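Structure data follow from structure34.pdb (PDB, C-alpha atoms and all ligand atoms):
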ATOM      1  CA  MET A   1     186.376 -60.794  55.472  1.00  0.00           C
ATOM      2  CA  LYS A   2     188.068 -59.008  58.307  1.00  0.00           C
ATOM      3  CA  ILE A   3     186.655 -56.755  60.985  1.00  0.00           C
ATOM      4  CA  GLU A   4     188.086 -54.764  63.839  1.00  0.00           C
ATOM      5  CA  VAL A   5     186.913 -56.491  66.993  1.00  0.00           C
ATOM      6  CA  ASP A   6     186.327 -53.185  68.841  1.00  0.00           C
ATOM      7  CA  LYS A   7     183.773 -52.168  66.239  1.00  0.00           C
ATOM      8  CA  ILE A   8     181.513 -55.154  66.934  1.00  0.00           C
ATOM      9  CA  LYS A   9     178.688 -54.083  69.237  1.00  0.00           C
ATOM     10  CA  ARG A  10     175.278 -55.403  70.170  1.00  0.00           C
ATOM     11  CA  GLU A  11     173.739 -53.742  67.131  1.00  0.00           C
ATOM     12  CA  PRO A  12     174.617 -55.864  64.058  1.00  0.00           C
ATOM     13  CA  LEU A  13     177.237 -54.423  61.747  1.00  0.00           C
ATOM     14  CA  ARG A  14     177.081 -55.549  58.157  1.00  0.00           C
ATOM     15  CA  ILE A  15     180.048 -56.135  55.899  1.00  0.00           C
ATOM     16  CA  CYS A  16     179.856 -57.230  52.259  1.00  0.00           C
ATOM     17  CA  GLU A  17     182.726 -58.597  50.261  1.00  0.00           C
ATOM     18  CA  ASP A  18     183.305 -60.230  46.897  1.00  0.00           C
ATOM     19  CA  ILE A  19     186.075 -62.775  46.919  1.00  0.00           C
ATOM     20  CA  PRO A  20     187.415 -64.230  43.663  1.00  0.00           C
ATOM     21  CA  ALA A  21     186.553 -67.939  43.846  1.00  0.00           C
ATOM     22  CA  GLY A  22     190.106 -68.895  42.881  1.00  0.00           C
ATOM     23  CA  ASN A  23     191.470 -67.339  46.082  1.00  0.00           C
ATOM     24  CA  TRP A  24     189.878 -70.000  48.242  1.00  0.00           C
ATOM     25  CA  ASP A  25     191.106 -73.001  46.310  1.00  0.00           C
ATOM     26  CA  ILE A  26     188.009 -75.103  46.959  1.00  0.00           C
ATOM     27  CA  ASP A  27     187.445 -76.667  43.539  1.00  0.00           C
ATOM     28  CA  SER A  28     187.051 -80.417  43.433  1.00  0.00           C
ATOM     29  CA  PHE A  29     187.110 -82.605  40.353  1.00  0.00           C
ATOM     30  CA  ASP A  30     183.356 -82.274  39.753  1.00  0.00           C
ATOM     31  CA  ILE A  31     182.720 -78.824  41.245  1.00  0.00           C
ATOM     32  CA  LYS A  32     184.369 -75.707  39.884  1.00  0.00           C
ATOM     33  CA  PHE A  33     183.649 -72.350  41.460  1.00  0.00           C
ATOM     34  CA  LEU A  34     183.089 -69.456  39.099  1.00  0.00           C
ATOM     35  CA  LYS A  35     183.280 -65.698  39.382  1.00  0.00           C
ATOM     36  CA  ASN A  36     183.197 -64.203  42.851  1.00  0.00           C
ATOM     37  CA  ILE A  37     182.007 -65.641  46.108  1.00  0.00           C
ATOM     38  CA  ARG A  38     179.680 -63.038  47.600  1.00  0.00           C
ATOM     39  CA  LEU A  39     179.917 -62.798  51.371  1.00  0.00           C
ATOM     40  CA  VAL A  40     177.560 -60.826  53.577  1.00  0.00           C
ATOM     41  CA  GLY A  41     178.258 -60.924  57.291  1.00  0.00           C
ATOM     42  CA  ASP A  42     176.269 -59.413  60.129  1.00  0.00           C
ATOM     43  CA  PHE A  43     178.523 -59.103  63.160  1.00  0.00           C
ATOM     44  CA  CYS A  44     177.200 -58.531  66.645  1.00  0.00           C
ATOM     45  CA  LYS A  45     178.418 -59.018  70.179  1.00  0.00           C
ATOM     46  CA  ILE A  46     176.276 -60.389  72.961  1.00  0.00           C
ATOM     47  CA  ASP A  47     178.039 -60.452  76.307  1.00  0.00           C
ATOM     48  CA  LYS A  48     181.355 -62.138  75.563  1.00  0.00           C
ATOM     49  CA  GLU A  49     180.214 -63.895  72.422  1.00  0.00           C
ATOM     50  CA  ILE A  50     180.552 -62.635  68.881  1.00  0.00           C
ATOM     51  CA  LEU A  51     177.902 -63.935  66.533  1.00  0.00           C
ATOM     52  CA  VAL A  52     178.268 -63.706  62.788  1.00  0.00           C
ATOM     53  CA  ASP A  53     175.339 -64.352  60.516  1.00  0.00           C
ATOM     54  CA  ILE A  54     176.856 -65.292  57.173  1.00  0.00           C
ATOM     55  CA  ARG A  55     175.167 -65.351  53.803  1.00  0.00           C
ATOM     56  CA  VAL A  56     177.165 -66.751  50.912  1.00  0.00           C
ATOM     57  CA  THR A  57     176.194 -66.616  47.276  1.00  0.00           C
ATOM     58  CA  LEU A  58     178.282 -68.578  44.855  1.00  0.00           C
ATOM     59  CA  ASN A  59     178.273 -69.767  41.295  1.00  0.00           C
ATOM     60  CA  ARG A  60     179.554 -73.181  40.484  1.00  0.00           C
ATOM     61  CA  LEU A  61     179.899 -75.412  37.489  1.00  0.00           C
ATOM     62  CA  ILE A  62     179.163 -79.001  38.406  1.00  0.00           C
ATOM     63  CA  THR A  63     179.487 -82.224  36.472  1.00  0.00           C
ATOM     64  CA  CYS A  64     176.383 -84.282  37.224  1.00  0.00           C
ATOM     65  CA  SER A  65     177.364 -87.722  38.500  1.00  0.00           C
ATOM     66  CA  ARG A  66     174.337 -89.338  36.844  1.00  0.00           C
ATOM     67  CA  CYS A  67     174.036 -87.717  33.409  1.00  0.00           C
ATOM     68  CA  LEU A  68     177.569 -86.225  33.193  1.00  0.00           C
ATOM     69  CA  LYS A  69     176.176 -82.884  32.012  1.00  0.00           C
ATOM     70  CA  GLU A  70     177.955 -79.716  33.078  1.00  0.00           C
ATOM     71  CA  VAL A  71     175.529 -77.350  34.742  1.00  0.00           C
ATOM     72  CA  GLU A  72     176.001 -73.914  36.225  1.00  0.00           C
ATOM     73  CA  GLN A  73     174.335 -73.495  39.595  1.00  0.00           C
ATOM     74  CA  LYS A  74     173.830 -70.469  41.789  1.00  0.00           C
ATOM     75  CA  ILE A  75     173.838 -71.430  45.464  1.00  0.00           C
ATOM     76  CA  ASN A  76     172.786 -69.437  48.504  1.00  0.00           C
ATOM     77  CA  LYS A  77     173.833 -70.487  51.969  1.00  0.00           C
ATOM     78  CA  ASN A  78     173.104 -69.053  55.345  1.00  0.00           C
ATOM     79  CA  PHE A  79     174.750 -70.082  58.590  1.00  0.00           C
ATOM     80  CA  GLU A  80     175.982 -68.642  61.838  1.00  0.00           C
ATOM     81  CA  LEU A  81     179.474 -68.602  63.277  1.00  0.00           C
ATOM     82  CA  SER A  82     180.267 -67.779  66.864  1.00  0.00           C
ATOM     83  CA  TYR A  83     183.458 -66.727  68.566  1.00  0.00           C
ATOM     84  CA  ASP A  84     184.538 -66.150  72.106  1.00  0.00           C
ATOM     85  CA  ALA A  85     185.296 -62.432  72.223  1.00  0.00           C
ATOM     86  CA  VAL A  86     187.854 -63.036  74.943  1.00  0.00           C
ATOM     87  CA  GLY A  87     191.180 -63.930  73.444  1.00  0.00           C
ATOM     88  CA  LEU A  88     190.510 -62.593  69.965  1.00  0.00           C
ATOM     89  CA  GLY A  89     193.178 -60.292  68.644  1.00  0.00           C
ATOM     90  CA  GLU A  90     192.598 -56.884  67.171  1.00  0.00           C
ATOM     91  CA  TYR A  91     190.881 -58.287  64.108  1.00  0.00           C
ATOM     92  CA  LEU A  92     188.440 -61.096  63.475  1.00  0.00           C
ATOM     93  CA  GLU A  93     188.949 -62.900  60.187  1.00  0.00           C
ATOM     94  CA  VAL A  94     186.163 -65.328  59.213  1.00  0.00           C
ATOM     95  CA  ASP A  95     187.250 -66.546  55.767  1.00  0.00           C
ATOM     96  CA  LYS A  96     188.856 -69.742  57.006  1.00  0.00           C
ATOM     97  CA  ASP A  97     185.707 -70.793  58.874  1.00  0.00           C
ATOM     98  CA  VAL A  98     183.412 -69.877  56.007  1.00  0.00           C
ATOM     99  CA  ARG A  99     185.573 -71.885  53.624  1.00  0.00           C
ATOM    100  CA  GLU A 100     185.459 -74.851  55.996  1.00  0.00           C
ATOM    101  CA  GLU A 101     181.687 -74.590  56.245  1.00  0.00           C
ATOM    102  CA  LEU A 102     181.436 -74.681  52.449  1.00  0.00           C
ATOM    103  CA  LEU A 103     183.719 -77.707  52.212  1.00  0.00           C
ATOM    104  CA  LEU A 104     181.737 -79.618  54.856  1.00  0.00           C
ATOM    105  CA  ASP A 105     178.618 -78.908  52.911  1.00  0.00           C
ATOM    106  CA  PHE A 106     179.836 -80.404  49.642  1.00  0.00           C
ATOM    107  CA  PRO A 107     177.409 -83.039  48.429  1.00  0.00           C
ATOM    108  CA  MET A 108     178.582 -86.640  48.260  1.00  0.00           C
ATOM    109  CA  LYS A 109     176.821 -87.005  44.946  1.00  0.00           C
ATOM    110  CA  VAL A 110     176.761 -83.975  42.673  1.00  0.00           C
ATOM    111  CA  LEU A 111     173.544 -83.825  40.692  1.00  0.00           C
ATOM    112  CA  CYS A 112     172.263 -81.378  38.061  1.00  0.00           C
ATOM    113  CA  LYS A 113     168.859 -81.655  39.752  1.00  0.00           C
ATOM    114  CA  PRO A 114     167.622 -83.831  42.643  1.00  0.00           C
ATOM    115  CA  ASP A 115     165.610 -86.135  40.373  1.00  0.00           C
ATOM    116  CA  CYS A 116     168.111 -86.455  37.516  1.00  0.00           C
ATOM    117  CA  LYS A 117     167.296 -89.685  35.679  1.00  0.00           C
ATOM    118  CA  GLY A 118     170.831 -90.136  34.398  1.00  0.00           C
ATOM    119  CA  ILE A 119     171.852 -91.888  31.228  1.00  0.00           C
ATOM    120  CA  CYS A 120     170.701 -95.323  30.179  1.00  0.00           C
ATOM    121  CA  PRO A 121     173.482 -97.813  30.962  1.00  0.00           C
ATOM    122  CA  GLU A 122     172.512 -99.847  27.894  1.00  0.00           C
ATOM    123  CA  CYS A 123     172.176 -97.325  25.039  1.00  0.00           C
ATOM    124  CA  GLY A 124     173.543 -94.147  26.597  1.00  0.00           C
ATOM    125  CA  VAL A 125     170.648 -91.755  25.931  1.00  0.00           C
ATOM    126  CA  ASP A 126     170.015 -88.988  28.428  1.00  0.00           C
ATOM    127  CA  LEU A 127     166.851 -90.209  30.146  1.00  0.00           C
ATOM    128  CA  ASN A 128     165.999 -86.636  31.188  1.00  0.00           C
ATOM    129  CA  ASN A 129     165.351 -85.772  27.551  1.00  0.00           C
ATOM    130  CA  GLN A 130     163.962 -88.964  26.103  1.00  0.00           C
ATOM    131  CA  GLU A 131     162.950 -92.472  26.956  1.00  0.00           C
ATOM    132  CA  CYS A 132     164.604 -95.400  25.335  1.00  0.00           C
ATOM    133  CA  ALA A 133     163.535 -98.889  24.396  1.00  0.00           C
ATOM    134  CA  CYS A 134     165.728-100.384  27.094  1.00  0.00           C
ATOM    135  CA  ILE A 135     163.354 -99.202  29.825  1.00  0.00           C
ATOM    136  CA  GLU A 136     160.961-102.126  29.323  1.00  0.00           C
ATOM    137  CA  LYS A 137     163.852-104.546  29.408  1.00  0.00           C
ATOM    138  CA  ASN A 138     165.163-102.923  32.584  1.00  0.00           C
ATOM    139  CA  ASP A 139     161.724-103.165  34.155  1.00  0.00           C
ATOM    140  CA  SER A 140     161.527-106.899  33.670  1.00  0.00           C
ATOM    141  CA  ALA A 141     165.088-107.221  34.947  1.00  0.00           C
ATOM    142  CA  VAL A 142     164.028-105.473  38.138  1.00  0.00           C
ATOM    143  CA  LYS A 143     161.031-107.778  38.491  1.00  0.00           C
ATOM    144  CA  ARG A 144     163.221-110.835  38.016  1.00  0.00           C
ATOM    145  CA  GLN A 145     165.580-109.558  40.665  1.00  0.00           C
ATOM    146  CA  LYS A 146     162.747-109.014  43.138  1.00  0.00           C
ATOM    147  CA  PHE A 147     161.518-112.548  42.493  1.00  0.00           C
ATOM    148  CA  THR A 148     164.885-114.166  43.179  1.00  0.00           C
ATOM    149  CA  ILE A 149     165.282-112.096  46.337  1.00  0.00           C
ATOM    150  CA  SER A 150     161.913-113.232  47.704  1.00  0.00           C
ATOM    151  CA  VAL A 151     162.717-116.881  46.938  1.00  0.00           C
ATOM    152  CA  ALA A 152     166.110-116.568  48.549  1.00  0.00           C
ATOM    153  CA  GLY A 153     164.430-114.972  51.535  1.00  0.00           C
ATOM    154  CA  VAL A 154     162.295-118.069  52.075  1.00  0.00           C
ATOM    155  CA  LEU A 155     165.066-120.623  51.855  1.00  0.00           C
ATOM    156  CA  PRO A 156     167.213-119.645  54.832  1.00  0.00           C
ATOM    157  CA  ARG A 157     164.168-119.706  57.060  1.00  0.00           C
ATOM    158  CA  ARG A 158     163.531-123.319  56.135  1.00  0.00           C
ATOM    159  CA  LYS A 159     167.131-124.178  56.819  1.00  0.00           C
ATOM    160  CA  GLY A 160     167.175-122.088  59.950  1.00  0.00           C
ATOM    161  CA  LYS A 161     167.298-124.984  62.415  1.00  0.00           C
ATOM    162  CA  LYS A 162     170.117-126.695  60.600  1.00  0.00           C
ATOM    163  CA  LYS A 163     172.138-123.480  60.639  1.00  0.00           C
ATOM    164  CA  THR A 164     171.931-123.061  64.406  1.00  0.00           C
ATOM    165  CA  LYS A 165     173.185-126.598  64.962  1.00  0.00           C
ATOM    166  CA  GLN A 166     176.300-126.017  62.866  1.00  0.00           C
TER     167      GLN A 166
HETATM  168 ZN    ZN B 201     172.083 -85.003  35.699  1.00  0.00          ZN
HETATM  169 ZN    ZN B 202     168.534 -97.302  26.683  1.00  0.00          ZN
END
Encoded form (structure tokens):
Amino acid sequence: MKIEVDKIKREPLRICEDIPAGNWDIDSFDIKFLKNIRLVGDFCKIDKEILVDIRVTLNRLITCSRCLKEVEQKINKNFELSYDAVGLGEYLEVDKDVREELLLDFPMKVLCKPDCKGICPECGVDLNNQECACIEKNDSAVKRQKFTISVAGVLPRRKGKKKTKQ
């Protein structure tokens, strides 16, 4: 998305552009961008600063890190970029900064939905769709773990004095 700097005034000027997702080369191993990236930019100039209000709409195919399902997601993002009007050339090109903003925003863990239950590590069923018999077993495993932690927590306190002498 490119704009002639002279055309940017105080009154916002809107530009819309569809960019084929492949052009930006931002796919990662668990996120693939589909179709076009829709960019809407409102450009305005206040004193010597150029402000760009960016709205991005994109479609992506993600592989959920918990249940391994492939899910198509439509994402909307809104952020603002600012530039010093002094020193800009004839044109202002924002694609690089928008791309960077999208990359920074990539989630560490890609999930099909925030509360994805994942697949059971024991029997492999998708816990979003059904429960499995392993759940009870897992529950008691968790309880056992908690118990050992609380016991372990008591012991060092008893030995505390010894430890400081060492
Ligand atoms: Zn999932
Ligand atoms: Zn199971």
Enclose range 9-13 of chain A, meaning all of its atoms listed in the file, in a box aligned along x, y and z, pad it by 8 Å on each side, and list the centre and edge lengths in Å to one decimal, as lines of an AutoDock Vina configuration file.
center_x = 176.2
center_y = -54.8
center_z = 66.0
size_x = 20.9
size_y = 18.1
size_z = 24.4
To verify the selection step, state as a PyMOL selection string which residues the PyMOL selection byres (((chain A and resi 46-60) around 8) and not hetatm) yields on this input.
chain A and resi 8-10+31-45+61-62+72-86
Env. residues ligand ZN 202 (chain B) / 9 Å / only C-alpha atoms and all ligand atoms / as a list in words
Ile119, Cys120, Pro121, Glu122, Cys123, Gly124, Val125, Asp126, Leu127, Glu131, Cys132, Ala133, Cys134, Ile135 and Asn138 of chain A
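For ligand ZN 201 (chain B), the neighbouring protein, DNA and RNA residues, which are those within 10 Å when only C-alpha atoms and all ligand atoms are counted, are A:Ile62, A:Thr63, A:Cys64, A:Ser65, A:Arg66, A:Cys67, A:Leu68, A:Lys69, A:Glu70, A:Val71, A:Val110, A:Leu111, A:Cys112, A:Lys113, A:Pro114, A:Asp115, A:Cys116, A:Lys117, A:Gly118, A:Ile119, A:Asp126, A:Leu127, A:Asn128.
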Identify, on the basis of all atoms listed in the file, every residue whose closest approach to Glu90 in chain A does not exceed 8 Å; exclude the query and any residue fewer than 3 positions from it along the same chain; express the result as a VMD selection string.
chain A and resid 4 to 6
Convert the current residue selection to file output with C-alpha atoms, as a PDB file, keeping the file's coordinate frame.
ATOM      1  CA  GLU A   4     188.086 -54.764  63.839  1.00  0.00           C
ATOM      2  CA  VAL A   5     186.913 -56.491  66.993  1.00  0.00           C
ATOM      3  CA  ASP A   6     186.327 -53.185  68.841  1.00  0.00           C
TER       4      ASP A   6
END
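The interatomic distance for the pair CA of Tyr91 in chain A and CA of Ile15 in chain A works out to 13.8 Å.
Nearest to Leu103 in chain A of all the residues A:Trp24, A:Lys2, A:Ile19, A:Asn129 is A:Trp24, based on all atoms listed in the file.
A straight line drawn from CA of Leu92 in chain A to CA of Asp27 in chain A is 25.3 Å long.
A straight line drawn from CA of Glu93 in chain A to CA of Met108 in chain A is 28.5 Å long.
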Is it possible to add N, CA and C atoms to range 65-92 of chain A and hand it back as a PDB file, in the frame of the given file?
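Once everything was written out, this is rebuild_30.pdb:
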ATOM      1  N   SER A  65     176.811 -86.373  38.405  1.00  0.00           N
ATOM      2  CA  SER A  65     177.364 -87.722  38.500  1.00  0.00           C
ATOM      3  C   SER A  65     176.456 -88.761  37.844  1.00  0.00           C
ATOM      4  N   ARG A  66     175.224 -88.371  37.509  1.00  0.00           N
ATOM      5  CA  ARG A  66     174.337 -89.338  36.844  1.00  0.00           C
ATOM      6  C   ARG A  66     174.309 -89.161  35.330  1.00  0.00           C
ATOM      7  N   CYS A  67     174.174 -87.908  34.860  1.00  0.00           N
ATOM      8  CA  CYS A  67     174.036 -87.717  33.409  1.00  0.00           C
ATOM      9  C   CYS A  67     175.293 -87.104  32.793  1.00  0.00           C
ATOM     10  N   LEU A  68     176.272 -86.747  33.636  1.00  0.00           N
ATOM     11  CA  LEU A  68     177.569 -86.225  33.193  1.00  0.00           C
ATOM     12  C   LEU A  68     177.491 -84.870  32.498  1.00  0.00           C
ATOM     13  N   LYS A  69     176.322 -84.217  32.589  1.00  0.00           N
ATOM     14  CA  LYS A  69     176.176 -82.884  32.012  1.00  0.00           C
ATOM     15  C   LYS A  69     176.877 -81.871  32.911  1.00  0.00           C
ATOM     16  N   GLU A  70     177.408 -80.822  32.294  1.00  0.00           N
ATOM     17  CA  GLU A  70     177.955 -79.716  33.078  1.00  0.00           C
ATOM     18  C   GLU A  70     176.871 -78.661  33.243  1.00  0.00           C
ATOM     19  N   VAL A  71     176.618 -78.279  34.468  1.00  0.00           N
ATOM     20  CA  VAL A  71     175.529 -77.350  34.742  1.00  0.00           C
ATOM     21  C   VAL A  71     176.024 -76.252  35.684  1.00  0.00           C
ATOM     22  N   GLU A  72     175.642 -75.027  35.347  1.00  0.00           N
ATOM     23  CA  GLU A  72     176.001 -73.914  36.225  1.00  0.00           C
ATOM     24  C   GLU A  72     174.913 -73.737  37.269  1.00  0.00           C
ATOM     25  N   GLN A  73     175.313 -73.639  38.512  1.00  0.00           N
ATOM     26  CA  GLN A  73     174.335 -73.495  39.595  1.00  0.00           C
ATOM     27  C   GLN A  73     174.677 -72.278  40.436  1.00  0.00           C
ATOM     28  N   LYS A  74     173.637 -71.573  40.851  1.00  0.00           N
ATOM     29  CA  LYS A  74     173.830 -70.469  41.789  1.00  0.00           C
ATOM     30  C   LYS A  74     173.332 -70.958  43.140  1.00  0.00           C
ATOM     31  N   ILE A  75     174.169 -70.871  44.152  1.00  0.00           N
ATOM     32  CA  ILE A  75     173.838 -71.430  45.464  1.00  0.00           C
ATOM     33  C   ILE A  75     173.840 -70.322  46.519  1.00  0.00           C
ATOM     34  N   ASN A  76     172.825 -70.349  47.363  1.00  0.00           N
ATOM     35  CA  ASN A  76     172.786 -69.437  48.504  1.00  0.00           C
ATOM     36  C   ASN A  76     172.874 -70.248  49.786  1.00  0.00           C
ATOM     37  N   LYS A  77     173.718 -69.801  50.683  1.00  0.00           N
ATOM     38  CA  LYS A  77     173.833 -70.487  51.969  1.00  0.00           C
ATOM     39  C   LYS A  77     173.786 -69.472  53.089  1.00  0.00           C
ATOM     40  N   ASN A  78     173.220 -69.927  54.187  1.00  0.00           N
ATOM     41  CA  ASN A  78     173.104 -69.053  55.345  1.00  0.00           C
ATOM     42  C   ASN A  78     173.467 -69.870  56.589  1.00  0.00           C
ATOM     43  N   PHE A  79     174.407 -69.386  57.353  1.00  0.00           N
ATOM     44  CA  PHE A  79     174.750 -70.082  58.590  1.00  0.00           C
ATOM     45  C   PHE A  79     175.337 -69.085  59.583  1.00  0.00           C
ATOM     46  N   GLU A  80     175.493 -69.530  60.796  1.00  0.00           N
ATOM     47  CA  GLU A  80     175.982 -68.642  61.838  1.00  0.00           C
ATOM     48  C   GLU A  80     177.303 -69.165  62.403  1.00  0.00           C
ATOM     49  N   LEU A  81     178.216 -68.258  62.620  1.00  0.00           N
ATOM     50  CA  LEU A  81     179.474 -68.602  63.277  1.00  0.00           C
ATOM     51  C   LEU A  81     179.494 -67.882  64.617  1.00  0.00           C
ATOM     52  N   SER A  82     180.157 -68.485  65.585  1.00  0.00           N
ATOM     53  CA  SER A  82     180.267 -67.779  66.864  1.00  0.00           C
ATOM     54  C   SER A  82     181.695 -67.860  67.380  1.00  0.00           C
ATOM     55  N   TYR A  83     182.091 -66.814  68.043  1.00  0.00           N
ATOM     56  CA  TYR A  83     183.458 -66.727  68.566  1.00  0.00           C
ATOM     57  C   TYR A  83     183.423 -66.212  69.993  1.00  0.00           C
ATOM     58  N   ASP A  84     184.360 -66.677  70.763  1.00  0.00           N
ATOM     59  CA  ASP A  84     184.538 -66.150  72.106  1.00  0.00           C
ATOM     60  C   ASP A  84     185.302 -64.824  71.974  1.00  0.00           C
ATOM     61  N   ALA A  85     184.672 -63.749  72.393  1.00  0.00           N
ATOM     62  CA  ALA A  85     185.296 -62.432  72.223  1.00  0.00           C
ATOM     63  C   ALA A  85     186.588 -62.318  73.030  1.00  0.00           C
ATOM     64  N   VAL A  86     186.643 -63.062  74.130  1.00  0.00           N
ATOM     65  CA  VAL A  86     187.854 -63.036  74.943  1.00  0.00           C
ATOM     66  C   VAL A  86     188.941 -63.818  74.209  1.00  0.00           C
ATOM     67  N   GLY A  87     190.085 -63.201  74.070  1.00  0.00           N
ATOM     68  CA  GLY A  87     191.180 -63.930  73.444  1.00  0.00           C
ATOM     69  C   GLY A  87     191.316 -63.672  71.952  1.00  0.00           C
ATOM     70  N   LEU A  88     190.348 -62.970  71.369  1.00  0.00           N
ATOM     71  CA  LEU A  88     190.510 -62.593  69.965  1.00  0.00           C
ATOM     72  C   LEU A  88     191.518 -61.459  69.897  1.00  0.00           C
ATOM     73  N   GLY A  89     192.216 -61.387  68.799  1.00  0.00           N
ATOM     74  CA  GLY A  89     193.178 -60.292  68.644  1.00  0.00           C
ATOM     75  C   GLY A  89     192.462 -59.003  68.271  1.00  0.00           C
ATOM     76  N   GLU A  90     193.162 -58.173  67.569  1.00  0.00           N
ATOM     77  CA  GLU A  90     192.598 -56.884  67.171  1.00  0.00           C
ATOM     78  C   GLU A  90     191.550 -57.066  66.083  1.00  0.00           C
ATOM     79  N   TYR A  91     191.778 -58.057  65.232  1.00  0.00           N
ATOM     80  CA  TYR A  91     190.881 -58.287  64.108  1.00  0.00           C
ATOM     81  C   TYR A  91     190.280 -59.688  64.161  1.00  0.00           C
ATOM     82  N   LEU A  92     189.063 -59.782  63.652  1.00  0.00           N
ATOM     83  CA  LEU A  92     188.440 -61.096  63.475  1.00  0.00           C
ATOM     84  C   LEU A  92     188.368 -61.374  61.986  1.00  0.00           C
TER      85      LEU A  92
END
